[in-house]
There are 2 protein chains.
Amino acid sequence: MTDRRRDPTTLFSAAATGDRRALAKVLSMVERGGADSRAVAALAYKSGLQASTIGMTGAPGAGKSTLVDRLVALVRASGEEIGVLAVDPSSPFTGGAILGDRVRMQEHALDSGVFIRSMATRGHLGGLALAVPEAIRVLSAVGLPLVLVETVGVGQVEVEVASATDTTVVVVNPRWGDAIQANKAGLLEIADVFVINKADNPGARETRRDLEQMLDLSPASKWRPPVVETVATGGEGIEELWEQVRRHQLHLAADGSLERRRRQRTEREFRAVVSARIERDVERLLQDASLGTLTDDVVEHRLDPYEAADRVLAAARNETPEQ
Amino acid sequence: MTDRRRDPTTLFSAAATGDRRALAKVLSMVERGGADSRAVAALAYKSGLQASTIGMTGAPGAGKSTLVDRLVALVRASGEEIGVLAVDPSSPFTGGAILGDRVRMQEHALDSGVFIRSMATRGHLGGLALAVPEAIRVLSAVGLPLVLVETVGVGQVEVEVASATDTTVVVVNPRWGDAIQANKAGLLEIADVFVINKADNPGARETRRDLEQMLDLSPASKWRPPVVETVATGGEGIEELWEQVRRHQLHLAADGSLERRRRQRTEREFRAVVSARIERDVERLLQDASLGTLTDDVVEHRLDPYEAADRVLAAARNETPEQ
């Protein structure tokens with residue numbers, strides 16, 4: 001008999017009625033991947049609910065967590081509910097992040113209108129790039145109208161995950177070269193709003209000038225990312241930041257680009273799922289004894305890459321499909 | 001009966017004996033992709049010959065073509081033969097590039113020790129990222145000991161192609177922000193040698209300082225990319241540039257990293273071929289009438305991405321493998 005406490009459908013239903021412990025268990029299923037994750041994905045997808053999503057990225061130490069906490073407090077003061085996903089690709093088992101969660105959760109411990117959760121991946125197909133959109137859909141499906149995705153750093157996956165949201169906030173500090181580093185990490189292209197946090201430190205003016213110069217050099221667009229100065233520890237600039245985020249969301253909704261962006265994200269995700277499944281099959285085949293020597297054969301010029309690819313793909317076609 | 005003048009094996013044999021017109025036809029086969037390209041790939045791969053390869057990349061207008069012409073003249077003065085591939089992803093039918101070739105070819109028209117060819121892709125699987133390594137193998141297989149790959153700009157494909165060589169030369173100019181732009185384009189990571197071309201213009205010292213500062217901030221490595229100043233139009237600095245390229249190649253050979261790098265490139269190429277074939281199959285399936293509505297089904301929440309992926313993959317398994 002199925003353990004009903006661990007059944008995805010039961011847990012999902014409980015989560016949808018506001019049971020936060022059930023929601024946490026559902027998200028663990030998403031992280032772990034496999035059959036439970038598939039079941040959750042189907043349930044969440046069919047709800048059709050879609051939260052407004054905000055991504056926040058920037059170098060480690062830029063003060064993103066404090067900014068997120070301040071934003072959460074602001075949102076809660078207005079009575080809206082919000083979910084936060086803290087994404088850390090470097091922490092496969094969320095050890096450190098979970099400790100951080102507990103500390104942060106205490107602030108909001110008596111407030112069921114906030115749900116904070118760190119995300120790592122323990123086996124989800126395609127890693128965080130696919131697990132996070134699925135987690136966002138779960139939070140949407142249980143009725144949270146706002147989801148904030150915060151990344152620890154600016155690695156490739158983190159940037160990808162933070163930019164797969166409606167509004168992407170990029171956080172820099174008043175440090176020599178910080179704006180240039182942000183640009184180098186590809187953050188200029190994805191930013192909808194810039195934040196200079198710790199703006200009471202020396203160099204804020206120069207950092208703003210660097211950002212504005214880079215924006216001047218960027219291709220013209222209907223939306224020029226505003227630059228907001230904050231001191232998150234003191235709560236300064238948080239309201240202006242939230243106002244700019246809201247302004248961006250109104251801009252997206254007004255000209256139809258919100259629906260277009262979401263459609264494009266869904267299409268990309270679909271293709272990414274297909275590719276990830278096939279790549280996984282291929283990797284498994286390349287580990288297989290009968291095909292394990294193919295890479296050596298190519299490197300040592302016994303086969304050309306196209307012949308070797310033929311053999312892998314022929315083997316993949318003959319495999320029994322796995323659910 | 002097969003037209004022997006268009007048969008890949010016949011043309012490849014002729015190219016290997018020094019017939020440059022046959023070589024040009026073989027490279028056209030590589031560009032076009034398909035069965036002839038497969039045959040060429042197999043022949044070239046089995047020769048096992050591997051030229052020393054140099055990539056040259058940098059923003060349009062940096063003077064790369066003039067630098068290449070000067071380097072070719074220098075190499076030819078020492079009696080060595082050399083092949084040049086000019087890669088232009090923006091020109092699918094090589095119209096402009098071919099005109100450029102003709103002008104440039106005239107300089108070396110009486111010299112069979114130089115082979116200059118522009119590369120575009122007209123259908124090769126995986127585009128230039130896979131067609132260029134194949135073209136390099138063809139040039140290697142017909143006995144050219146040196147191959148120089150020049151790109152028109154610093155797009156993603158161009159950077160990928162230029163850096164898939166033994167030694168990558170990055171060209172900048174003495175312009176405000178040029179070094180920063182190069183860094184942003186990911187050129188700092190791939191550069192083995194930096195060139196400041198047009199170094200007789202104002203700002204060369206500042207550009208060198210910017211580059212050296214960025215190198216200071218980079219992770220330490222056994223090879224610190226030297227910065228060479230040239231004035232390609234006047235022929236200044238070309239010998240020093242060539243000396244630094246040679247010094248880098250000796251460095252690679254001395255510590256075994258040449259073999260390691262080439263092995264890694266081959267492995268990556270093999271995986272890229274497999275992935276490109278899979279992506280092509282998936283794209284074809286998604287165009288297929290019976291599966292063409294899947295993307296809409298996902299976007300409109302009738303199917304979740306995993307269910308849709310299942311249908312695509314089930315269809316792929318039932319397809320007859322294509323050669």
# chains A, B, ... in the order shown; residues from 1 in each chain; ligands from 1

$ closest_atom_pairs --of "chain A" --to "chain B" --cutoff "8 Å" --atoms "only C-alpha atoms" --output "Markdown table"
| residue | atom | partner | partner_atom | distance |
| --- | --- | --- | --- | --- |
| A:Arg38 | CA | B:Tyr306 | CA | 7.2 |
| A:Ala41 | CA | B:Asp304 | CA | 6.9 |
| A:Ala42 | CA | B:Asp304 | CA | 5.7 |
| A:Tyr45 | CA | B:Asp304 | CA | 5.8 |
| A:Lys46 | CA | B:His301 | CA | 6.0 |
| A:Gly48 | CA | B:His301 | CA | 6.3 |
| A:Ile180 | CA | B:Ile180 | CA | 7.6 |
| A:Asn183 | CA | B:Lys184 | CA | 6.5 |
| A:Lys184 | CA | B:Lys184 | CA | 4.3 |
| A:Ala185 | CA | B:Lys184 | CA | 7.6 |
| A:Gly186 | CA | B:Lys184 | CA | 7.7 |
| A:Arg263 | CA | B:Val299 | CA | 6.1 |
| A:Thr266 | CA | B:Val299 | CA | 6.0 |
| A:Glu267 | CA | B:Thr295 | CA | 6.4 |
| A:Glu269 | CA | B:Pro305 | CA | 7.3 |
| A:Phe270 | CA | B:Pro305 | CA | 5.0 |
| A:Arg271 | CA | B:Ala309 | CA | 8.0 |
| A:Val273 | CA | B:Ala309 | CA | 6.6 |
| A:Val274 | CA | B:Ala309 | CA | 5.1 |
| A:Ser275 | CA | B:Glu279 | CA | 7.1 |
| A:Ile278 | CA | B:Ile278 | CA | 7.5 |
| A:Glu279 | CA | B:Ser275 | CA | 7.3 |
| A:Thr295 | CA | B:Glu267 | CA | 6.5 |
| A:Val298 | CA | B:Thr266 | CA | 7.3 |
| A:Val299 | CA | B:Thr266 | CA | 6.0 |
| A:His301 | CA | B:Lys46 | CA | 6.0 |
| A:Arg302 | CA | B:Lys46 | CA | 7.1 |
| A:Leu303 | CA | B:Lys46 | CA | 7.7 |
| A:Asp304 | CA | B:Ala42 | CA | 5.7 |
| A:Pro305 | CA | B:Phe270 | CA | 4.9 |
| A:Tyr306 | CA | B:Val273 | CA | 6.7 |
| A:Ala308 | CA | B:Phe270 | CA | 7.6 |
| A:Ala309 | CA | B:Val274 | CA | 5.1 |
| A:Asp310 | CA | B:Gln323 | CA | 7.9 |
| A:Val312 | CA | B:Val274 | CA | 7.7 |
| A:Leu313 | CA | B:Val274 | CA | 7.5 |
| A:Ala314 | CA | B:Pro321 | CA | 7.2 |
| A:Arg317 | CA | B:Arg317 | CA | 5.0 |
| A:Asn318 | CA | B:Arg317 | CA | 7.5 |
| A:Pro321 | CA | B:Ala314 | CA | 7.5 |

$ residues_around --residues "A:Leu187" --least-positions-apart "6" --cutoff "10 Å" --atoms "only C-alpha atoms" --output "PyMOL selection string"
chain A and resi 57-58+154+159+163+168-171+179-181+194

$ write_last_selection --atoms "all heavy atoms" --output "short mmCIF file (atom, residue, chain, number, x, y, z; two decimals), in the first residue's frame"
data_model
loop_
_atom_site.label_atom_id
_atom_site.label_comp_id
_atom_site.auth_asym_id
_atom_site.auth_seq_id
_atom_site.Cartn_x
_atom_site.Cartn_y
_atom_site.Cartn_z
N THR A 57 20.40 38.31 -9.20
CA THR A 57 21.73 37.71 -9.32
C THR A 57 22.79 38.79 -9.15
O THR A 57 22.50 39.98 -9.19
CB THR A 57 21.88 36.96 -10.67
OG1 THR A 57 23.12 36.25 -10.68
CG2 THR A 57 21.82 37.90 -11.87
N GLY A 58 24.01 38.36 -8.94
CA GLY A 58 25.13 39.27 -8.68
C GLY A 58 26.22 38.48 -7.98
O GLY A 58 25.98 37.37 -7.51
N VAL A 154 27.33 34.20 -9.84
CA VAL A 154 27.04 34.53 -11.23
C VAL A 154 27.61 33.47 -12.17
O VAL A 154 28.09 33.77 -13.26
CB VAL A 154 27.59 35.93 -11.61
CG1 VAL A 154 26.79 37.01 -10.92
CG2 VAL A 154 29.06 36.05 -11.27
N VAL A 159 23.10 32.45 -13.71
CA VAL A 159 22.65 33.52 -14.59
C VAL A 159 21.46 33.04 -15.43
O VAL A 159 20.47 33.75 -15.60
CB VAL A 159 23.81 34.01 -15.49
CG1 VAL A 159 23.29 34.92 -16.59
CG2 VAL A 159 24.85 34.74 -14.66
N SER A 163 17.75 34.66 -15.01
CA SER A 163 17.20 35.41 -16.14
C SER A 163 15.97 34.74 -16.73
O SER A 163 15.28 35.33 -17.56
CB SER A 163 18.27 35.59 -17.22
OG SER A 163 18.70 34.34 -17.70
N THR A 168 14.50 40.57 -14.13
CA THR A 168 15.79 40.16 -13.57
C THR A 168 16.49 41.37 -12.95
O THR A 168 16.71 42.38 -13.62
CB THR A 168 16.67 39.55 -14.66
OG1 THR A 168 15.96 38.48 -15.28
CG2 THR A 168 17.96 39.01 -14.07
N VAL A 169 16.81 41.24 -11.67
CA VAL A 169 17.50 42.30 -10.93
C VAL A 169 18.97 41.91 -10.79
O VAL A 169 19.27 40.81 -10.32
CB VAL A 169 16.87 42.50 -9.54
CG1 VAL A 169 17.62 43.57 -8.75
CG2 VAL A 169 15.39 42.84 -9.65
N VAL A 170 19.87 42.78 -11.22
CA VAL A 170 21.31 42.51 -11.11
C VAL A 170 21.89 43.43 -10.04
O VAL A 170 21.71 44.65 -10.10
CB VAL A 170 22.02 42.73 -12.46
CG1 VAL A 170 23.53 42.71 -12.29
CG2 VAL A 170 21.58 41.65 -13.46
N VAL A 171 22.57 42.82 -9.07
CA VAL A 171 23.12 43.56 -7.93
C VAL A 171 24.63 43.72 -8.08
O VAL A 171 25.33 42.73 -8.28
CB VAL A 171 22.80 42.84 -6.60
CG1 VAL A 171 23.26 43.68 -5.41
CG2 VAL A 171 21.32 42.52 -6.50
N ALA A 179 31.23 46.87 -12.04
CA ALA A 179 30.31 46.97 -13.17
C ALA A 179 30.87 46.22 -14.37
O ALA A 179 30.14 45.56 -15.11
CB ALA A 179 30.06 48.43 -13.51
N ILE A 180 32.20 46.33 -14.54
CA ILE A 180 32.84 45.66 -15.68
C ILE A 180 32.75 44.14 -15.51
O ILE A 180 32.48 43.41 -16.46
CB ILE A 180 34.30 46.13 -15.80
CG1 ILE A 180 34.31 47.60 -16.24
CG2 ILE A 180 35.09 45.27 -16.77
CD1 ILE A 180 35.60 48.32 -15.95
N GLN A 181 32.97 43.69 -14.28
CA GLN A 181 32.86 42.25 -14.02
C GLN A 181 31.43 41.77 -14.31
O GLN A 181 31.23 40.70 -14.86
CB GLN A 181 33.22 41.92 -12.57
CG GLN A 181 34.71 42.06 -12.25
CD GLN A 181 35.58 41.16 -13.10
OE1 GLN A 181 35.25 40.00 -13.33
NE2 GLN A 181 36.67 41.69 -13.63
N PHE A 194 19.01 47.44 -12.38
CA PHE A 194 20.30 47.35 -11.69
C PHE A 194 20.17 47.89 -10.28
O PHE A 194 19.50 48.91 -10.06
CB PHE A 194 21.37 48.18 -12.41
CG PHE A 194 22.02 47.47 -13.54
CD1 PHE A 194 21.75 47.85 -14.85
CD2 PHE A 194 22.90 46.43 -13.31
CE1 PHE A 194 22.35 47.19 -15.91
CE2 PHE A 194 23.51 45.77 -14.37
CZ PHE A 194 23.23 46.15 -15.67
#

$ residues_around --residues "stretch 198-215 of chain A" --least-positions-apart "4" --cutoff "7 Å" --atoms "only C-alpha atoms" --output "number ranges by chain"
A: 173-175, 179, 229-232

$ write_last_selection --atoms "N, CA and C atoms" --output "PDB file, in the first residue's frame"
ATOM      1  N   ASN A 173      28.153  46.216  -6.508  1.00  0.00           N
ATOM      2  CA  ASN A 173      28.597  47.035  -5.377  1.00  0.00           C
ATOM      3  C   ASN A 173      29.479  48.172  -5.872  1.00  0.00           C
ATOM      4  N   PRO A 174      29.631  49.212  -5.070  1.00  0.00           N
ATOM      5  CA  PRO A 174      30.560  50.283  -5.462  1.00  0.00           C
ATOM      6  C   PRO A 174      32.000  49.845  -5.230  1.00  0.00           C
ATOM      7  N   ARG A 175      32.499  49.055  -6.157  1.00  0.00           N
ATOM      8  CA  ARG A 175      33.874  48.551  -6.070  1.00  0.00           C
ATOM      9  C   ARG A 175      34.506  48.796  -7.414  1.00  0.00           C
ATOM     10  N   ALA A 179      31.230  46.866 -12.035  1.00  0.00           N
ATOM     11  CA  ALA A 179      30.306  46.970 -13.167  1.00  0.00           C
ATOM     12  C   ALA A 179      30.872  46.225 -14.374  1.00  0.00           C
ATOM     13  N   GLU A 229      20.011  52.809  -6.172  1.00  0.00           N
ATOM     14  CA  GLU A 229      21.015  52.677  -5.107  1.00  0.00           C
ATOM     15  C   GLU A 229      20.329  52.258  -3.811  1.00  0.00           C
ATOM     16  N   THR A 230      20.912  51.246  -3.174  1.00  0.00           N
ATOM     17  CA  THR A 230      20.331  50.752  -1.917  1.00  0.00           C
ATOM     18  C   THR A 230      21.417  50.574  -0.857  1.00  0.00           C
ATOM     19  N   VAL A 231      20.971  50.612   0.397  1.00  0.00           N
ATOM     20  CA  VAL A 231      21.798  50.138   1.512  1.00  0.00           C
ATOM     21  C   VAL A 231      20.905  49.127   2.226  1.00  0.00           C
ATOM     22  N   ALA A 232      21.017  47.875   1.816  1.00  0.00           N
ATOM     23  CA  ALA A 232      20.045  46.872   2.263  1.00  0.00           C
ATOM     24  C   ALA A 232      20.066  46.728   3.774  1.00  0.00           C
TER      25      ALA A 232
END

$ select_by_dssp --residues "stretch 109-274 of chain B" --states "strand (DSSP E)" --output "list of chain:residue names"
B:Val114, B:Phe115, B:Ile116, B:Arg117, B:Ser118, B:Met119, B:Leu146, B:Val147, B:Leu148, B:Val149, B:Glu150, B:Thr151, B:Thr167, B:Thr168, B:Val169, B:Val170, B:Val171, B:Val172, B:Val193, B:Phe194, B:Val195, B:Ile196, B:Asn197, B:Val227, B:Val228, B:Glu229, B:Thr230

$ select_by_dssp --residues "stretch 24-210 of chain B" --states "alpha helix (DSSP H)" --output "number ranges by chain"
B: 24-32, 34-47, 64-77, 95-107, 128-141, 156-163, 178-184, 187-190, 204-210

$ write_last_selection --atoms "C-alpha atoms" --output "short mmCIF file (atom, residue, chain, number, x, y, z; two decimals), in the first residue's frame"
data_model
loop_
_atom_site.label_atom_id
_atom_site.label_comp_id
_atom_site.auth_asym_id
_atom_site.auth_seq_id
_atom_site.Cartn_x
_atom_site.Cartn_y
_atom_site.Cartn_z
CA ALA B 24 38.80 23.95 -53.08
CA LYS B 25 36.13 21.55 -54.34
CA VAL B 26 36.65 19.23 -51.39
CA LEU B 27 36.18 22.17 -49.01
CA SER B 28 32.96 23.10 -50.80
CA MET B 29 31.76 19.58 -50.06
CA VAL B 30 32.57 20.12 -46.38
CA GLU B 31 30.57 23.37 -46.40
CA ARG B 32 27.56 21.74 -48.03
CA GLY B 34 25.64 15.62 -46.44
CA ALA B 35 27.02 12.37 -47.85
CA ASP B 36 30.03 13.86 -49.71
CA SER B 37 31.05 15.67 -46.55
CA ARG B 38 30.85 12.40 -44.62
CA ALA B 39 33.10 10.71 -47.17
CA VAL B 40 35.61 13.57 -46.97
CA ALA B 41 35.55 13.50 -43.17
CA ALA B 42 36.39 9.79 -43.16
CA LEU B 43 39.27 10.21 -45.63
CA ALA B 44 40.75 13.20 -43.83
CA TYR B 45 40.38 11.63 -40.41
CA LYS B 46 42.18 8.48 -41.37
CA SER B 47 45.25 10.35 -42.64
CA LYS B 64 43.03 40.88 -38.74
CA SER B 65 43.12 40.29 -42.50
CA THR B 66 46.15 42.53 -42.95
CA LEU B 67 47.89 40.80 -40.03
CA VAL B 68 47.15 37.43 -41.59
CA ASP B 69 48.53 38.56 -44.96
CA ARG B 70 51.72 39.77 -43.26
CA LEU B 71 52.10 36.54 -41.31
CA VAL B 72 51.57 34.49 -44.48
CA ALA B 73 54.31 36.48 -46.24
CA LEU B 74 56.64 35.91 -43.27
CA VAL B 75 55.92 32.16 -43.16
CA ARG B 76 56.38 31.83 -46.92
CA ALA B 77 59.72 33.67 -46.73
CA GLY B 95 29.44 36.21 -51.57
CA GLY B 96 31.39 39.04 -49.99
CA ALA B 97 34.04 36.79 -48.60
CA ILE B 98 34.75 35.21 -51.97
CA LEU B 99 35.37 38.62 -53.48
CA GLY B 100 37.78 39.33 -50.63
CA ASP B 101 39.49 36.01 -51.31
CA ARG B 102 40.04 36.86 -54.93
CA VAL B 103 41.68 40.15 -54.06
CA ARG B 104 43.82 38.49 -51.44
CA MET B 105 44.59 35.46 -53.55
CA GLN B 106 46.14 37.67 -56.23
CA GLU B 107 48.97 38.61 -53.89
CA LEU B 128 30.69 26.30 -38.68
CA ALA B 129 31.53 25.00 -35.22
CA LEU B 130 31.73 21.52 -36.76
CA ALA B 131 32.56 22.43 -40.38
CA VAL B 132 35.73 24.35 -39.51
CA PRO B 133 37.44 21.54 -37.54
CA GLU B 134 36.62 19.27 -40.47
CA ALA B 135 38.11 21.76 -42.95
CA ILE B 136 41.24 22.01 -40.77
CA ARG B 137 41.59 18.23 -40.93
CA VAL B 138 41.29 18.34 -44.73
CA LEU B 139 44.05 20.97 -44.96
CA SER B 140 46.16 18.91 -42.55
CA ALA B 141 45.53 15.72 -44.53
CA GLN B 156 29.89 33.21 -30.29
CA VAL B 157 30.65 30.87 -33.17
CA GLU B 158 33.67 32.89 -34.24
CA VAL B 159 35.16 32.83 -30.76
CA GLU B 160 34.44 29.11 -30.48
CA VAL B 161 36.04 28.41 -33.84
CA ALA B 162 39.11 30.62 -33.27
CA SER B 163 39.74 29.13 -29.84
CA ASP B 178 38.54 48.07 -26.61
CA ALA B 179 40.30 45.86 -24.08
CA ILE B 180 37.14 45.85 -21.94
CA GLN B 181 35.02 44.91 -24.93
CA ALA B 182 37.44 42.07 -25.71
CA ASN B 183 37.15 40.88 -22.13
CA LYS B 184 33.36 41.08 -22.31
CA LEU B 187 38.44 36.82 -25.40
CA LEU B 188 40.58 37.11 -22.28
CA GLU B 189 39.96 33.47 -21.41
CA ILE B 190 40.90 32.18 -24.85
CA ALA B 204 48.21 52.12 -27.29
CA ARG B 205 49.83 52.54 -23.89
CA GLU B 206 46.44 52.69 -22.11
CA THR B 207 45.19 49.65 -24.00
CA ARG B 208 48.31 47.71 -22.97
CA ARG B 209 47.79 48.81 -19.38
CA ASP B 210 44.12 47.67 -19.48
#
